[in-house]
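Asker: Enclosed is the structure file start.cif (mmCIF, C-alpha atoms).
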```cif
data_model
#
loop_
_atom_site.label_atom_id
_atom_site.label_comp_id
_atom_site.auth_asym_id
_atom_site.auth_seq_id
_atom_site.Cartn_x
_atom_site.Cartn_y
_atom_site.Cartn_z
CA MET A 1 39.87 -13.95 -7.11
CA LYS A 2 37.65 -11.45 -8.86
CA ASN A 3 34.90 -9.78 -6.91
CA ASN A 4 31.53 -9.38 -8.55
CA TYR A 5 31.17 -5.62 -8.31
CA ARG A 6 28.25 -5.44 -10.73
CA ASP A 7 25.90 -6.72 -8.03
CA LEU A 8 26.65 -3.82 -5.67
CA SER A 9 24.69 -0.57 -5.49
CA ILE A 10 26.17 2.81 -6.42
CA ASN A 11 26.73 3.76 -2.78
CA GLU A 12 28.43 0.45 -2.06
CA LEU A 13 30.66 0.89 -5.12
CA ASN A 14 31.67 4.37 -3.98
CA ALA A 15 32.50 3.04 -0.53
CA GLU A 16 34.49 0.15 -2.00
CA GLU A 17 36.45 2.51 -4.26
CA SER A 18 37.26 4.73 -1.30
CA LYS A 19 38.42 1.72 0.73
CA LEU A 20 40.59 0.46 -2.12
CA ARG A 21 42.15 3.88 -2.71
CA SER A 22 43.02 4.12 0.96
CA GLU A 23 44.58 0.65 0.83
CA LEU A 24 46.54 1.62 -2.28
CA PHE A 25 47.87 4.71 -0.54
CA ASN A 26 48.99 2.66 2.45
CA LEU A 27 50.60 0.00 0.25
CA THR A 28 52.45 2.63 -1.80
CA PHE A 29 53.70 4.30 1.35
CA GLN A 30 54.88 0.98 2.79
CA ASN A 31 56.63 0.20 -0.50
CA LYS A 32 58.48 3.54 -0.47
CA VAL A 33 59.61 3.00 3.12
CA GLY A 34 60.68 -0.55 2.37
CA GLN A 35 58.25 -2.35 4.66
CA LEU A 36 56.16 -4.04 1.95
CA SER A 37 57.03 -7.66 1.33
CA ASP A 38 54.33 -8.51 -1.24
CA THR A 39 54.60 -5.82 -3.92
CA SER A 40 52.17 -7.64 -6.22
CA ARG A 41 49.36 -6.54 -3.90
CA ILE A 42 49.68 -2.99 -5.32
CA ARG A 43 48.91 -4.26 -8.82
CA ILE A 44 45.92 -6.29 -7.58
CA VAL A 45 44.44 -3.28 -5.76
CA LYS A 46 44.87 -1.09 -8.85
CA LYS A 47 43.02 -3.64 -10.96
CA ASN A 48 40.22 -3.86 -8.40
CA ILE A 49 39.89 -0.06 -8.44
CA ALA A 50 39.52 -0.22 -12.23
CA ARG A 51 36.88 -2.94 -11.90
CA VAL A 52 34.91 -0.85 -9.40
CA LYS A 53 35.14 2.23 -11.62
CA THR A 54 33.94 0.23 -14.62
CA ALA A 55 30.98 -1.18 -12.70
CA LEU A 56 30.17 2.30 -11.38
CA LYS A 57 30.27 3.78 -14.87
CA GLU A 58 27.94 1.05 -16.15
CA LYS A 59 25.51 1.72 -13.30
CA MET A 60 25.57 5.46 -13.94
CA ALA A 61 24.96 4.96 -17.67
CA GLY A 62 22.06 2.62 -16.89
CA ALA A 63 20.57 5.08 -14.43
CA LYS A 64 20.55 7.90 -16.99
CA GLU A 65 18.62 5.88 -19.59
#
```
Represent the supplied structure as structure tokens.
Answerer:
Amino acid sequence: MKNNYRDLSINELNAEESKLRSELFNLTFQNKVGQLSDTSRIRIVKKNIARVKTALKEKMAGAKE
């Protein structure tokens, strides 16, 4: 399920990106140790980080104009 990140404010997007990066770190660590059963979650989190960064970039470009 895609989240609608374009409705969030810049501060909320920064917080969401930070949360997702932390989750990605934990998932990567669990994968290296061999404790991760659902490895597809890593790919999903990476895509969500890209979506947040895209929405953030659009907001920043709109704020400058």
Asker: Using the chain letters and residue numbers of this document, give as a list in words the residues selected by the PyMOL selection byres ((chain A and resi 58-63) around 12).
Answerer: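 Checking the PyMOL selection byres ((chain A and resi 58-63) around 12) against this file, the residues are Tyr5, Arg6, Asp7, Leu8, Ser9, Ile10, Asn11, Glu12, Leu13, Asn14, Arg51, Val52, Lys53, Thr54, Ala55, Leu56, Lys57, Lys64 and Glu65 of chain A.
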Asker: So what do you get for atom CA of A:Thr28 versus atom CA of A:Asn48, distance-wise?
Answerer: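 Here the two named atoms are 15.3 Å from each other.
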Asker: Have a look at atom CA of A:Ser40 and atom CA of A:Phe25 and let me know their distance in Å, one decimal.
Answerer: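 Separation of atom CA of A:Ser40 and atom CA of A:Phe25: 14.3 Å.
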Asker: Quick one, how far is atom CA of A:Glu16 from atom CA of A:Asp38?
Answerer: 21.7 Å
Asker: The PyMOL selection byres ((chain A and resi 23) around 12) - which residues does that actually catch in the file I just gave you? List them as a list of chain:residue names.
Answerer: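 Listing what the PyMOL selection byres ((chain A and resi 23) around 12) selects in the shown file: A:Glu16, A:Glu17, A:Ser18, A:Lys19, A:Leu20, A:Arg21, A:Ser22, A:Leu24, A:Phe25, A:Asn26, A:Leu27, A:Thr28, A:Phe29, A:Gln30, A:Arg41, A:Ile42, A:Arg43, A:Ile44, A:Val45, A:Lys46, A:Asn48, A:Ile49.
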Asker: Stretch 9-18 of chain A, all listed atoms, 3 Å padding on each side: what axis-aligned box centre and edge lengths in Å to one decimal come out, as AutoDock Vina command-line options?
Answerer:
```
--center_x 31.0 --center_y 2.1 --center_z -3.5 --size_x 18.6 --size_y 11.3 --size_z 11.9
```
